[in-house]
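These notes are about the structure you will find just below.
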Amino acid sequence: MIDLEQVLRADKHLLDTRSKLGRKWNFLSAARDLFLTCFKFPEKRSGHFLFFRSLERADYKALFNGIASVVPDQEKVVIEDYYRRTTKIAPRAFILLLVLLPNFFMLKADSFFERIYLYLRLCYYYRVVAAVSTIKFEALVLFADMQPVECLLAQYFRERGKSTVTLQHGLYADYGNYPTINVINYLHQPSEYFLAWGRDTADLIYKSGVGRKVVICGKPIVALASPTQPATKGIAGGNYFTVILDQNIFQPQNFEMLKIMIEYSNASGLKMNVRYHPGNNRKLYERLNYNYFSDLDLSESVFVVGHTSSMMHEMLLIGIPVFKFDSEIPCVKMPSELVFGSLEQLKALINNIDYVDFKSLAQDYIAFFGDESLKCYEDFFSNLKSGKNIPIY
């Protein structure tokens with residue numbers, strides 16, 4: 001039985017947070033997705049493994065393709081960046097509107113408008129399911145099954161006896177009762193297997209549900225550094241530090257953190273590099289009227305500062321000094337000896353930099369890296385295909 005509430009939770013949350021005008025825009029977008037899109041799938045129509053990614057971002061693409069590369073081409077089909085706008089109406093959209101009509105009355109919605117919106121989204125996701133169903137495969141590997149379409153794919157094909165696997169796409173924080181949709185990262189795990197980066201996320205997955213199977217495989221590609229030649233530059237090299245900004249819901253913390261780091265830059269003479277989150281409005285931060293760089297190589301930073309970004313832990317793994325800006329926002333844990341809330345506290349931490357083993361602090365979050373991680377993924381997929389015993393965490 002498909003859990004429709006789980007599939008549509010992110011869409012419902014998105015609509016709930018929109019203004020009246022935004023809700024109308026979302027409704028029109030949902031209609032366009034259903035009726036005026038086509039899918040660009042690979043010509044190859046069969047393989048033991050089907051790799052599927054719906055999230056579009058350069059670093060996600062690199063991670064996804066890096067993991068998929070351990071499976072020989074003849075054994076896999078890869079679907080990504082498949083969505084295309086078109087001016088031709090999709091006939092299947094009308095068929096699905098009729099076939100799925102009983103689900104319309106089962107949807108949990110706060111208004112008739114919301115019910116129609118969610119139904120349009122559901123019909124679109126089933127268009128993707130119908131298209132994927134034309135490919136012959138035995139195991140479905142998803143990039144992020146908290147995404148509605150991937151959540152539906154996992155449930156649909158698991159019900160039909162296919163092996164289902166979800167990759168970890170980011171570090172997951174235990175938000176507790178903090179009001180954020182990000183809880184679905186660990187609350188929703190519809191796949192049979194979850195391939196985790198490290199023990200911290202694995203423990204959270206097990207804590208959040210029963211009957212889950214977690215395998216720790218690490219992260220082969222870390223923060224745009226080469227998986228075979230990780231950066232080693234530390235506190236003594238380079239002439240800039242980097243501030244990693246969070247998503248927009250943490251904009252107040254972004255500004256507090258930046259103000260402290262501007263003070264530090266002025267006092268130390270080190271230049272500041274800002275690493276923006278993809279959703280940030282850069283013009284807002286440019287109003288600080290400070291001469292800083294942006295998007296320079298993270299691995300060349302003297303040190304890195306962040307708030308909740310998982311990139312902090314990735315920098316730890318390759319030996320870059322990292323400090324976390326303190327706040328009440330739940331996030332992935334960071335050792336107390338790396339946390340600061342003021343300029344004075346930051347200076348004290350930097351003065352003790354030589355006594356911290358940054359790499360060892362990262363092991364709980366990313367257990368394996370580079371070729372070692374790729375070998376873990378290769379072993380998992382090989383064992384899954386052959387039916388051999390898979391070592392569960």
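Residues are referred to by chain and number: the chain letter is A, B, ... according to the order shown in the structure tokens, the number counts from 1 in that chain, and ligands are numbered separately from 1 in the order shown.
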
Give me, as a list in words, all polymer residues having an atom no more than 9 Å from Asn280 (chain A), counting only C-alpha atoms and skipping those fewer than 2 positions away in the same chain.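 Surrounding residues, per the criterion: Leu245, Asp246, Gln247, Asn248, Gln251, Tyr276, His277, Pro278, Arg282, Lys283, Leu284 and Tyr285 of chain A.
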
Need to verify the contact set: Pro91 (chain A), 12 Å, only C-alpha atoms, exclusion of same-chain residues closer than 4 positions in sequence. Can you return it as an MDAnalysis selection string? chainID A and resid 34:38 95:98 127

Residue selection dump (N, CA and C atoms) as a PDB file, in the first residue's frame:
ATOM      1  N   LEU A  34       2.527  18.348 -15.155  1.00  0.00           N
ATOM      2  CA  LEU A  34       1.710  17.192 -15.516  1.00  0.00           C
ATOM      3  C   LEU A  34       1.438  17.125 -17.015  1.00  0.00           C
ATOM      4  N   PHE A  35       1.067  18.245 -17.601  1.00  0.00           N
ATOM      5  CA  PHE A  35       0.603  18.239 -18.990  1.00  0.00           C
ATOM      6  C   PHE A  35       1.669  18.618 -20.015  1.00  0.00           C
ATOM      7  N   LEU A  36       2.628  19.464 -19.634  1.00  0.00           N
ATOM      8  CA  LEU A  36       3.542  20.039 -20.622  1.00  0.00           C
ATOM      9  C   LEU A  36       5.005  19.713 -20.332  1.00  0.00           C
ATOM     10  N   THR A  37       5.281  18.453 -20.010  1.00  0.00           N
ATOM     11  CA  THR A  37       6.660  18.000 -19.848  1.00  0.00           C
ATOM     12  C   THR A  37       6.858  16.695 -20.603  1.00  0.00           C
ATOM     13  N   CYS A  38       8.106  16.445 -20.947  1.00  0.00           N
ATOM     14  CA  CYS A  38       8.474  15.156 -21.517  1.00  0.00           C
ATOM     15  C   CYS A  38       9.743  14.703 -20.795  1.00  0.00           C
ATOM     16  N   ILE A  95      -5.044  10.258 -18.922  1.00  0.00           N
ATOM     17  CA  ILE A  95      -5.334   8.882 -18.502  1.00  0.00           C
ATOM     18  C   ILE A  95      -5.132   8.734 -16.995  1.00  0.00           C
ATOM     19  N   LEU A  96      -4.034   9.292 -16.495  1.00  0.00           N
ATOM     20  CA  LEU A  96      -3.735   9.175 -15.071  1.00  0.00           C
ATOM     21  C   LEU A  96      -4.729   9.951 -14.218  1.00  0.00           C
ATOM     22  N   LEU A  97      -5.210  11.080 -14.704  1.00  0.00           N
ATOM     23  CA  LEU A  97      -6.215  11.837 -13.963  1.00  0.00           C
ATOM     24  C   LEU A  97      -7.457  10.992 -13.695  1.00  0.00           C
ATOM     25  N   LEU A  98      -7.795  10.129 -14.647  1.00  0.00           N
ATOM     26  CA  LEU A  98      -8.965   9.259 -14.480  1.00  0.00           C
ATOM     27  C   LEU A  98      -8.631   8.015 -13.667  1.00  0.00           C
ATOM     28  N   ARG A 127       3.341   9.713 -13.698  1.00  0.00           N
ATOM     29  CA  ARG A 127       3.844   9.768 -15.078  1.00  0.00           C
ATOM     30  C   ARG A 127       5.292   9.288 -15.114  1.00  0.00           C
TER      31      ARG A 127
END

At a cut-off of 12 Å, using only C-alpha atoms, what residues contact Tyr206 (chain A)? Leave out same-chain residues fewer than 4 positions from it and give the result as a count of residues only. 20

Excluding region 22-33 of chain A and its own-chain neighbours fewer than 2 positions away, which residues fall within 7 Å of it when counting only C-alpha atoms? Please give them as a compact mmCIF listing (two decimals) with N, CA and C atoms, in the first residue's frame.
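Heads up, here's the output in out-v5.txt:
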# COMPACT_ATOMS: atom_id res chain seq x y z
N LEU A 15 3.45 24.25 -0.21
CA LEU A 15 2.25 25.05 -0.44
C LEU A 15 1.85 25.81 0.82
N ARG A 18 3.68 29.15 1.28
CA ARG A 18 3.57 30.14 0.22
C ARG A 18 2.52 31.20 0.54
N SER A 19 2.73 32.40 -0.03
CA SER A 19 1.71 33.45 0.04
C SER A 19 0.60 33.10 -0.93
N LYS A 20 -0.45 33.89 -0.95
CA LYS A 20 -1.58 33.63 -1.85
C LYS A 20 -1.14 33.60 -3.30
N PHE A 35 1.07 18.25 -17.60
CA PHE A 35 0.60 18.24 -18.99
C PHE A 35 1.67 18.62 -20.02
N LEU A 36 2.63 19.46 -19.63
CA LEU A 36 3.54 20.04 -20.62
C LEU A 36 5.00 19.71 -20.33
N THR A 37 5.28 18.45 -20.01
CA THR A 37 6.66 18.00 -19.85
C THR A 37 6.86 16.69 -20.60
N TYR A 117 -4.21 20.56 -5.93
CA TYR A 117 -2.77 20.75 -6.14
C TYR A 117 -2.01 19.45 -5.89
N LEU A 120 -2.60 16.88 -8.61
CA LEU A 120 -1.83 17.17 -9.82
C LEU A 120 -0.37 16.71 -9.66
N ARG A 121 0.18 16.97 -8.48
CA ARG A 121 1.56 16.53 -8.23
C ARG A 121 1.65 15.00 -8.27
N TYR A 124 1.55 13.63 -11.75
CA TYR A 124 2.82 13.85 -12.42
C TYR A 124 3.84 12.80 -11.99

Identify which of the residues A:Leu4, A:Leu298, A:Leu55, A:Ile135 lies closest to Gln147 (chain A), counting only C-alpha atoms when measuring atom-to-atom distances. A:Leu55
